[in-house]
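Enquirer: Can you read through this structure? Questions will come right after.
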Amino acid sequence: RYIYKSTQSCDLLEMNCLDKFLEVTRDKYLEVPYHNSMHAADVTQTMHLIISKANLMELLHLNEIDILSLITATMLHDLGHPGMNNTFQINTYSEYSIVYNDRSVLENYHVSESFKVLRSEECNIFGKLDENQYRGLRKRLIEMILSTDMMLHAKLLSIVKNRIASQKSQQLELIDEKSTTLFEEQQEVL
């Protein structure tokens, strides 16, 4: 609740659904050694620190919906994680690997479970958003959670490192605000 308030995201949220959403989200995390609700809270707190201390909103030319998406994605990124990784899922032909065709198996599962929670009336924290805002938020959430697949980590890290290394001035400008591919460039970094 505090993180949504501190980033001025509350104006975008159905506040009467927020407590139930947070409760259901916490409860959907399983009691596994690492990918549990404490991990989600840690990642969310760390992202809050990055947003506030690194001026992420200005640096990446993000709007309020982007920040709302980012915070929510950190909370949901491992929702329902069963404790065994994608390689295990694929090698054992688990139900997850069959449903998601061996591609970002758990990440696809986390996205699906997240939108099942968000779709319920009592947890629909995005009920205030208009259709365009919701579509943008949904697209960001999906892409951010899918990007947590460790098979993509080296590639994504390389993109960000190359952006930083290509800076010619002292003023960090990772993304051109006027770029015709602004959403995609932001997404690479997010």
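For the structure tokens, the naming scheme is as follows: chains receive sequential letters (A, B, ...) according to their order of presentation, residues are indexed from 1 within each chain, and ligands are indexed from 1 in presentation order.
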List as a PDB file with all heavy atoms, in the first residue's frame the protein and nucleic acid residues near Ile90 of chain A, meaning an atom at most 12 Å away when only C-alpha atoms are counted, but skip any in the same chain fewer than 2 places from it.
Expert:
ATOM      1  N   MET A  84      10.253 -25.243  -8.501  1.00  0.00           N
ATOM      2  CA  MET A  84      11.180 -25.886  -9.444  1.00  0.00           C
ATOM      3  C   MET A  84      11.234 -25.037 -10.708  1.00  0.00           C
ATOM      4  O   MET A  84      10.204 -24.542 -11.164  1.00  0.00           O
ATOM      5  CB  MET A  84      10.710 -27.302  -9.790  1.00  0.00           C
ATOM      6  CG  MET A  84      10.621 -28.208  -8.599  1.00  0.00           C
ATOM      7  SD  MET A  84      12.242 -28.395  -7.844  1.00  0.00           S
ATOM      8  CE  MET A  84      12.018 -29.906  -6.970  1.00  0.00           C
ATOM      9  N   ASN A  85      12.418 -24.912 -11.297  1.00  0.00           N
ATOM     10  CA  ASN A  85      12.615 -23.982 -12.404  1.00  0.00           C
ATOM     11  C   ASN A  85      12.082 -24.497 -13.746  1.00  0.00           C
ATOM     12  O   ASN A  85      11.564 -25.612 -13.844  1.00  0.00           O
ATOM     13  CB  ASN A  85      14.099 -23.597 -12.513  1.00  0.00           C
ATOM     14  CG  ASN A  85      14.988 -24.769 -12.879  1.00  0.00           C
ATOM     15  OD1 ASN A  85      14.536 -25.807 -13.357  1.00  0.00           O
ATOM     16  ND2 ASN A  85      16.289 -24.600 -12.662  1.00  0.00           N
ATOM     17  N   ASN A  86      12.247 -23.674 -14.766  1.00  0.00           N
ATOM     18  CA  ASN A  86      11.757 -24.022 -16.101  1.00  0.00           C
ATOM     19  C   ASN A  86      12.398 -25.293 -16.641  1.00  0.00           C
ATOM     20  O   ASN A  86      11.723 -26.119 -17.261  1.00  0.00           O
ATOM     21  CB  ASN A  86      12.009 -22.876 -17.090  1.00  0.00           C
ATOM     22  CG  ASN A  86      11.016 -21.753 -16.932  1.00  0.00           C
ATOM     23  OD1 ASN A  86       9.917 -21.945 -16.419  1.00  0.00           O
ATOM     24  ND2 ASN A  86      11.392 -20.570 -17.383  1.00  0.00           N
ATOM     25  N   THR A  87      13.680 -25.457 -16.418  1.00  0.00           N
ATOM     26  CA  THR A  87      14.365 -26.651 -16.909  1.00  0.00           C
ATOM     27  C   THR A  87      13.733 -27.907 -16.318  1.00  0.00           C
ATOM     28  O   THR A  87      13.478 -28.881 -17.032  1.00  0.00           O
ATOM     29  CB  THR A  87      15.868 -26.595 -16.588  1.00  0.00           C
ATOM     30  OG1 THR A  87      16.410 -25.404 -17.178  1.00  0.00           O
ATOM     31  CG2 THR A  87      16.600 -27.812 -17.108  1.00  0.00           C
ATOM     32  N   PHE A  88      13.469 -27.876 -15.036  1.00  0.00           N
ATOM     33  CA  PHE A  88      12.799 -28.999 -14.380  1.00  0.00           C
ATOM     34  C   PHE A  88      11.420 -29.222 -15.005  1.00  0.00           C
ATOM     35  O   PHE A  88      11.052 -30.371 -15.309  1.00  0.00           O
ATOM     36  CB  PHE A  88      12.663 -28.740 -12.877  1.00  0.00           C
ATOM     37  CG  PHE A  88      11.889 -29.809 -12.159  1.00  0.00           C
ATOM     38  CD1 PHE A  88      12.525 -30.946 -11.703  1.00  0.00           C
ATOM     39  CD2 PHE A  88      10.517 -29.681 -11.947  1.00  0.00           C
ATOM     40  CE1 PHE A  88      11.812 -31.945 -11.049  1.00  0.00           C
ATOM     41  CE2 PHE A  88       9.795 -30.672 -11.294  1.00  0.00           C
ATOM     42  CZ  PHE A  88      10.442 -31.819 -10.845  1.00  0.00           C
ATOM     43  N   THR A  92      10.585 -32.703 -17.085  1.00  0.00           N
ATOM     44  CA  THR A  92       9.620 -33.640 -16.501  1.00  0.00           C
ATOM     45  C   THR A  92       8.281 -33.612 -17.237  1.00  0.00           C
ATOM     46  O   THR A  92       7.338 -34.291 -16.821  1.00  0.00           O
ATOM     47  CB  THR A  92       9.373 -33.329 -15.007  1.00  0.00           C
ATOM     48  OG1 THR A  92       8.844 -32.007 -14.879  1.00  0.00           O
ATOM     49  CG2 THR A  92      10.650 -33.496 -14.200  1.00  0.00           C
ATOM     50  N   TYR A  93       8.224 -32.840 -18.305  1.00  0.00           N
ATOM     51  CA  TYR A  93       6.980 -32.707 -19.085  1.00  0.00           C
ATOM     52  C   TYR A  93       5.812 -32.346 -18.162  1.00  0.00           C
ATOM     53  O   TYR A  93       4.720 -32.913 -18.253  1.00  0.00           O
ATOM     54  CB  TYR A  93       6.671 -33.987 -19.871  1.00  0.00           C
ATOM     55  CG  TYR A  93       7.815 -34.436 -20.728  1.00  0.00           C
ATOM     56  CD1 TYR A  93       8.595 -35.527 -20.356  1.00  0.00           C
ATOM     57  CD2 TYR A  93       8.132 -33.752 -21.899  1.00  0.00           C
ATOM     58  CE1 TYR A  93       9.669 -35.932 -21.143  1.00  0.00           C
ATOM     59  CE2 TYR A  93       9.205 -34.158 -22.688  1.00  0.00           C
ATOM     60  CZ  TYR A  93       9.973 -35.242 -22.307  1.00  0.00           C
ATOM     61  OH  TYR A  93      11.034 -35.636 -23.075  1.00  0.00           O
ATOM     62  N   SER A  94       6.067 -31.388 -17.281  1.00  0.00           N
ATOM     63  CA  SER A  94       5.039 -30.986 -16.319  1.00  0.00           C
ATOM     64  C   SER A  94       3.840 -30.375 -17.043  1.00  0.00           C
ATOM     65  O   SER A  94       3.914 -30.007 -18.218  1.00  0.00           O
ATOM     66  CB  SER A  94       5.600 -29.964 -15.330  1.00  0.00           C
ATOM     67  OG  SER A  94       5.731 -28.699 -15.964  1.00  0.00           O
ATOM     68  N   GLU A  95       2.758 -30.263 -16.323  1.00  0.00           N
ATOM     69  CA  GLU A  95       1.552 -29.627 -16.868  1.00  0.00           C
ATOM     70  C   GLU A  95       1.865 -28.214 -17.356  1.00  0.00           C
ATOM     71  O   GLU A  95       1.374 -27.795 -18.399  1.00  0.00           O
ATOM     72  CB  GLU A  95       0.455 -29.596 -15.794  1.00  0.00           C
ATOM     73  CG  GLU A  95      -0.888 -29.155 -16.315  1.00  0.00           C
ATOM     74  CD  GLU A  95      -1.500 -30.126 -17.323  1.00  0.00           C
ATOM     75  OE1 GLU A  95      -1.216 -31.342 -17.267  1.00  0.00           O
ATOM     76  OE2 GLU A  95      -2.276 -29.652 -18.173  1.00  0.00           O
ATOM     77  N   TYR A  96       2.707 -27.499 -16.601  1.00  0.00           N
ATOM     78  CA  TYR A  96       3.085 -26.143 -17.010  1.00  0.00           C
ATOM     79  C   TYR A  96       3.797 -26.159 -18.363  1.00  0.00           C
ATOM     80  O   TYR A  96       3.519 -25.332 -19.230  1.00  0.00           O
ATOM     81  CB  TYR A  96       4.022 -25.494 -15.985  1.00  0.00           C
ATOM     82  CG  TYR A  96       3.481 -25.397 -14.586  1.00  0.00           C
ATOM     83  CD1 TYR A  96       4.157 -26.009 -13.525  1.00  0.00           C
ATOM     84  CD2 TYR A  96       2.322 -24.683 -14.294  1.00  0.00           C
ATOM     85  CE1 TYR A  96       3.688 -25.909 -12.225  1.00  0.00           C
ATOM     86  CE2 TYR A  96       1.845 -24.581 -12.999  1.00  0.00           C
ATOM     87  CZ  TYR A  96       2.531 -25.198 -11.975  1.00  0.00           C
ATOM     88  OH  TYR A  96       2.072 -25.095 -10.693  1.00  0.00           O
ATOM     89  N   SER A  97       4.726 -27.093 -18.532  1.00  0.00           N
ATOM     90  CA  SER A  97       5.486 -27.129 -19.789  1.00  0.00           C
ATOM     91  C   SER A  97       4.598 -27.506 -20.967  1.00  0.00           C
ATOM     92  O   SER A  97       4.801 -27.032 -22.082  1.00  0.00           O
ATOM     93  CB  SER A  97       6.673 -28.083 -19.689  1.00  0.00           C
ATOM     94  OG  SER A  97       6.250 -29.427 -19.664  1.00  0.00           O
ATOM     95  N   ILE A  98       3.611 -28.328 -20.713  1.00  0.00           N
ATOM     96  CA  ILE A  98       2.676 -28.712 -21.785  1.00  0.00           C
ATOM     97  C   ILE A  98       1.792 -27.526 -22.161  1.00  0.00           C
ATOM     98  O   ILE A  98       1.630 -27.204 -23.346  1.00  0.00           O
ATOM     99  CB  ILE A  98       1.835 -29.933 -21.356  1.00  0.00           C
ATOM    100  CG1 ILE A  98       2.748 -31.163 -21.252  1.00  0.00           C
ATOM    101  CG2 ILE A  98       0.683 -30.176 -22.318  1.00  0.00           C
ATOM    102  CD1 ILE A  98       2.122 -32.349 -20.561  1.00  0.00           C
ATOM    103  N   VAL A  99       1.248 -26.841 -21.166  1.00  0.00           N
ATOM    104  CA  VAL A  99       0.367 -25.697 -21.437  1.00  0.00           C
ATOM    105  C   VAL A  99       1.127 -24.580 -22.151  1.00  0.00           C
ATOM    106  O   VAL A  99       0.613 -23.965 -23.081  1.00  0.00           O
ATOM    107  CB  VAL A  99      -0.263 -25.168 -20.130  1.00  0.00           C
ATOM    108  CG1 VAL A  99      -0.970 -23.829 -20.350  1.00  0.00           C
ATOM    109  CG2 VAL A  99      -1.241 -26.188 -19.568  1.00  0.00           C
ATOM    110  N   TYR A 100       2.375 -24.322 -21.735  1.00  0.00           N
ATOM    111  CA  TYR A 100       3.125 -23.183 -22.273  1.00  0.00           C
ATOM    112  C   TYR A 100       4.207 -23.587 -23.273  1.00  0.00           C
ATOM    113  O   TYR A 100       5.092 -22.790 -23.589  1.00  0.00           O
ATOM    114  CB  TYR A 100       3.696 -22.352 -21.121  1.00  0.00           C
ATOM    115  CG  TYR A 100       2.581 -21.814 -20.257  1.00  0.00           C
ATOM    116  CD1 TYR A 100       2.390 -22.285 -18.965  1.00  0.00           C
ATOM    117  CD2 TYR A 100       1.680 -20.883 -20.754  1.00  0.00           C
ATOM    118  CE1 TYR A 100       1.337 -21.817 -18.184  1.00  0.00           C
ATOM    119  CE2 TYR A 100       0.632 -20.417 -19.989  1.00  0.00           C
ATOM    120  CZ  TYR A 100       0.465 -20.887 -18.710  1.00  0.00           C
ATOM    121  OH  TYR A 100      -0.574 -20.425 -17.946  1.00  0.00           O
ATOM    122  N   ASN A 101       4.123 -24.795 -23.789  1.00  0.00           N
ATOM    123  CA  ASN A 101       4.951 -25.237 -24.907  1.00  0.00           C
ATOM    124  C   ASN A 101       6.450 -25.036 -24.706  1.00  0.00           C
ATOM    125  O   ASN A 101       7.167 -24.653 -25.634  1.00  0.00           O
ATOM    126  CB  ASN A 101       4.496 -24.540 -26.197  1.00  0.00           C
ATOM    127  CG  ASN A 101       3.054 -24.831 -26.487  1.00  0.00           C
ATOM    128  OD1 ASN A 101       2.632 -25.984 -26.489  1.00  0.00           O
ATOM    129  ND2 ASN A 101       2.271 -23.780 -26.687  1.00  0.00           N
ATOM    130  N   ASP A 102       6.921 -25.285 -23.494  1.00  0.00           N
ATOM    131  CA  ASP A 102       8.347 -25.230 -23.165  1.00  0.00           C
ATOM    132  C   ASP A 102       8.981 -23.851 -23.353  1.00  0.00           C
ATOM    133  O   ASP A 102      10.199 -23.735 -23.403  1.00  0.00           O
ATOM    134  CB  ASP A 102       9.147 -26.264 -23.978  1.00  0.00           C
ATOM    135  CG  ASP A 102       8.770 -27.691 -23.664  1.00  0.00           C
ATOM    136  OD1 ASP A 102       8.090 -27.922 -22.643  1.00  0.00           O
ATOM    137  OD2 ASP A 102       9.144 -28.582 -24.438  1.00  0.00           O
ATOM    138  N   ARG A 103       8.190 -22.799 -23.460  1.00  0.00           N
ATOM    139  CA  ARG A 103       8.724 -21.441 -23.656  1.00  0.00           C
ATOM    140  C   ARG A 103       8.375 -20.575 -22.460  1.00  0.00           C
ATOM    141  O   ARG A 103       7.201 -20.312 -22.209  1.00  0.00           O
ATOM    142  CB  ARG A 103       8.155 -20.810 -24.921  1.00  0.00           C
ATOM    143  CG  ARG A 103       8.653 -21.494 -26.156  1.00  0.00           C
ATOM    144  CD  ARG A 103       8.422 -20.634 -27.373  1.00  0.00           C
ATOM    145  NE  ARG A 103       8.960 -21.302 -28.532  1.00  0.00           N
ATOM    146  CZ  ARG A 103       8.277 -21.556 -29.624  1.00  0.00           C
ATOM    147  NH1 ARG A 103       7.025 -21.164 -29.716  1.00  0.00           N
ATOM    148  NH2 ARG A 103       8.837 -22.163 -30.628  1.00  0.00           N
ATOM    149  N   SER A 104       9.402 -20.108 -21.762  1.00  0.00           N
ATOM    150  CA  SER A 104       9.181 -19.275 -20.575  1.00  0.00           C
ATOM    151  C   SER A 104       8.012 -19.834 -19.774  1.00  0.00           C
ATOM    152  O   SER A 104       7.061 -19.131 -19.420  1.00  0.00           O
ATOM    153  CB  SER A 104       8.928 -17.818 -20.983  1.00  0.00           C
ATOM    154  OG  SER A 104      10.025 -17.278 -21.663  1.00  0.00           O
ATOM    155  N   VAL A 105       8.116 -21.089 -19.470  1.00  0.00           N
ATOM    156  CA  VAL A 105       7.017 -21.855 -18.879  1.00  0.00           C
ATOM    157  C   VAL A 105       6.452 -21.190 -17.630  1.00  0.00           C
ATOM    158  O   VAL A 105       5.267 -20.857 -17.574  1.00  0.00           O
ATOM    159  CB  VAL A 105       7.481 -23.297 -18.557  1.00  0.00           C
ATOM    160  CG1 VAL A 105       6.420 -24.059 -17.794  1.00  0.00           C
ATOM    161  CG2 VAL A 105       7.870 -24.026 -19.836  1.00  0.00           C
ATOM    162  N   LEU A 106       7.291 -20.989 -16.630  1.00  0.00           N
ATOM    163  CA  LEU A 106       6.788 -20.435 -15.377  1.00  0.00           C
ATOM    164  C   LEU A 106       6.409 -18.966 -15.511  1.00  0.00           C
ATOM    165  O   LEU A 106       5.431 -18.512 -14.907  1.00  0.00           O
ATOM    166  CB  LEU A 106       7.812 -20.631 -14.256  1.00  0.00           C
ATOM    167  CG  LEU A 106       7.991 -22.089 -13.834  1.00  0.00           C
ATOM    168  CD1 LEU A 106       9.134 -22.229 -12.851  1.00  0.00           C
ATOM    169  CD2 LEU A 106       6.696 -22.659 -13.263  1.00  0.00           C
TER     170      LEU A 106
END
Enquirer: Please provide the set of residues having any atom within 10 Å of Leu118 of chain A, restricted to only C-alpha atoms, with same-chain residues fewer than 5 positions apart removed, written as a list in words.
Expert: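 Those residues are Cys17, Phe21, Val24, Thr25, Ser112, Glu113, Cys123, Asn124, Ile125, Phe126 and Gly127 of chain A.
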Enquirer: Need to verify the contact set: Thr148 of chain A, 12 Å, only C-alpha atoms, exclusion of same-chain residues closer than 2 positions in sequence. Can you return it as a ChimeraX atom specification?
Expert: /A:43,73-74,76-78,86,104-108,110-111,141-146,150-157,188,190
Enquirer: Select from segment 108-156 of chain A everything DSSP, run on the backbone, classes as helix (DSSP H, G or I), then give the selection as number ranges by chain.
Expert: A: 108-119, 121-123, 131-146, 150-156
Enquirer: Measure the distance from atom CA of Arg1 of chain A to atom CA of Val117 of chain A in Å and round it to one decimal.
Expert: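 Interatomic distance, atom CA of Arg1 of chain A to atom CA of Val117 of chain A: 17.1 Å.
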Enquirer: Separation of atom CA of Thr72 of chain A and atom CA of Glu131 of chain A, in Å?
Expert: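 Atom CA of Glu131 of chain A lies 18.0 Å from atom CA of Thr72 of chain A.
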Enquirer: Tell me which protein, DNA and RNA residues are within 9 Å of Ile175 of chain A, counting only C-alpha atoms, leaving out same-chain ones fewer than 2 positions away, and put them as number ranges by chain.
Expert: A: 59-61, 163, 173, 177-179, 182, 185-186
